[in-house]
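A short write-up of the structure that comes next.
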Amino acid sequence: SIDRMYITRKSIFTGETHALELNITRKQLDSWEGGTLIQDAFPKLTVAERDFIKFGVTEEEWNDCFKDLK
């Protein structure tokens with residue numbers, strides 16, 4: 001079975017609140033919140049998805065903020 005959760009975070013860039021449905025479990029989230037490295041707690045997530053959990057920043061916001069560096 002696939003476990004999915006909606007995660008809501010406030011963006012550190014814009015202050016906007018965003019929600020994403022991610023393929024994670026409560027146990028994984030608890031593990032990360034307890035100190036497990038994010039890449040170990042959520043090995044199946046993309047870097048962008050892990051960054052969303054940490055910073056509340058969507059992939060679109062990252063792209064907008066750093067578009068001049070491309």
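Residue numbers start at 1 in each chain; chains themselves are named A, B, ... in the order of the structure tokens; ligands are numbered from 1 in the order shown.
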Surrounding residues of segment 48-55 of chain A excluding itself and chain neighbours under 6 positions, 8 Å, only C-alpha atoms, as a short mmCIF file (atom, residue, chain, number, x, y, z; two decimals) with all heavy atoms, in the first residue's frame:
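Contents of the output file result.cif:
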```
data_model
loop_
_atom_site.label_atom_id
_atom_site.label_comp_id
_atom_site.auth_asym_id
_atom_site.auth_seq_id
_atom_site.Cartn_x
_atom_site.Cartn_y
_atom_site.Cartn_z
N ILE A 7 1.25 17.65 3.49
CA ILE A 7 2.16 18.41 4.34
C ILE A 7 1.94 19.88 4.03
O ILE A 7 1.98 20.30 2.87
CB ILE A 7 3.64 18.02 4.05
CG1 ILE A 7 3.86 16.52 4.27
CG2 ILE A 7 4.60 18.87 4.87
CD1 ILE A 7 3.65 16.06 5.70
N ARG A 9 3.27 23.74 4.80
CA ARG A 9 4.42 24.49 5.28
C ARG A 9 4.31 25.94 4.82
O ARG A 9 3.73 26.25 3.79
CB ARG A 9 5.74 23.92 4.73
CG ARG A 9 6.08 22.51 5.19
CD ARG A 9 6.55 22.54 6.63
NE ARG A 9 7.12 21.27 7.04
CZ ARG A 9 6.45 20.30 7.66
NH1 ARG A 9 5.17 20.44 7.91
NH2 ARG A 9 7.04 19.19 8.03
N LYS A 10 4.96 26.83 5.58
CA LYS A 10 5.04 28.25 5.22
C LYS A 10 6.40 28.48 4.56
O LYS A 10 7.44 28.14 5.12
CB LYS A 10 4.91 29.10 6.48
CG LYS A 10 4.84 30.57 6.23
CD LYS A 10 4.58 31.30 7.54
CE LYS A 10 4.45 32.79 7.29
NZ LYS A 10 4.15 33.49 8.55
N SER A 11 6.38 29.07 3.38
CA SER A 11 7.60 29.31 2.62
C SER A 11 8.51 30.31 3.32
O SER A 11 8.07 31.39 3.72
CB SER A 11 7.25 29.84 1.23
OG SER A 11 8.42 30.28 0.56
N ILE A 12 9.80 29.95 3.42
CA ILE A 12 10.76 30.89 4.00
C ILE A 12 11.07 32.03 3.03
O ILE A 12 11.61 33.04 3.43
CB ILE A 12 12.07 30.18 4.42
CG1 ILE A 12 12.76 29.55 3.21
CG2 ILE A 12 11.81 29.17 5.53
CD1 ILE A 12 14.18 29.07 3.49
N LEU A 22 2.42 14.15 -0.35
CA LEU A 22 3.68 13.44 -0.54
C LEU A 22 3.54 11.97 -0.16
O LEU A 22 2.74 11.61 0.70
CB LEU A 22 4.78 14.09 0.31
CG LEU A 22 5.09 15.55 0.00
CD1 LEU A 22 6.06 16.11 1.01
CD2 LEU A 22 5.64 15.70 -1.41
N ILE A 38 17.17 13.94 6.75
CA ILE A 38 15.99 13.96 5.88
C ILE A 38 16.11 12.97 4.73
O ILE A 38 15.14 12.33 4.35
CB ILE A 38 15.68 15.39 5.39
CG1 ILE A 38 14.25 15.45 4.86
CG2 ILE A 38 16.71 15.89 4.39
CD1 ILE A 38 13.65 16.83 4.80
N GLN A 39 17.30 12.80 4.16
CA GLN A 39 17.47 11.86 3.05
C GLN A 39 17.32 10.42 3.51
O GLN A 39 16.95 9.55 2.72
CB GLN A 39 18.79 12.09 2.31
CG GLN A 39 20.03 11.86 3.12
CD GLN A 39 20.54 13.11 3.81
OE1 GLN A 39 19.79 14.00 4.15
NE2 GLN A 39 21.84 13.16 4.04
N PHE A 42 13.30 10.05 4.34
CA PHE A 42 12.44 10.07 3.15
C PHE A 42 13.24 9.70 1.90
O PHE A 42 13.43 10.52 0.99
CB PHE A 42 11.83 11.46 2.95
CG PHE A 42 11.14 12.04 4.16
CD1 PHE A 42 11.69 13.10 4.85
CD2 PHE A 42 9.94 11.50 4.59
CE1 PHE A 42 11.05 13.64 5.95
CE2 PHE A 42 9.30 12.03 5.71
CZ PHE A 42 9.86 13.10 6.39
#
```
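Every residue of chain A found in strand (DSSP E) when DSSP is run on the backbone appears here: Met5, Tyr6, Ile7, Thr8, Arg9, Lys10, Thr17, His18, Ala19, Leu20, Glu21 and Leu22 of chain A.
Atom CA of Trp32 of chain A lies 24.2 Å from atom CA of Thr14 of chain A.
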Leaving out Asp64 of chain A and any residue of its chain fewer than 6 positions from it, which residues lie within 12 Å of it when counting only C-alpha atoms, given as a list of chain:residue names? A:Phe13, A:Thr14, A:Val57, A:Thr58, A:Lys70
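For chain A, backbone-based DSSP labels the following residues as alpha helix (DSSP H): Arg26, Lys27, Gln28, Leu29, Asp30, Ser31, Trp32, Glu33, Ile38, Gln39, Asp40, Ala41, Val47, Ala48, Glu49, Arg50, Asp51, Phe52, Ile53, Lys54, Phe55, Glu59, Glu60, Glu61, Trp62, Asn63, Asp64 and Cys65 of chain A.
Taking atom CA of Gly15 of chain A and atom CA of Cys65 of chain A as endpoints, the distance between them is 13.5 Å.
Distances from A:Gly56, A:Leu45, A:Asn63, A:Gly35 to Glu16 of chain A were compared using only C-alpha atoms, and the smallest one belongs to A:Gly56.
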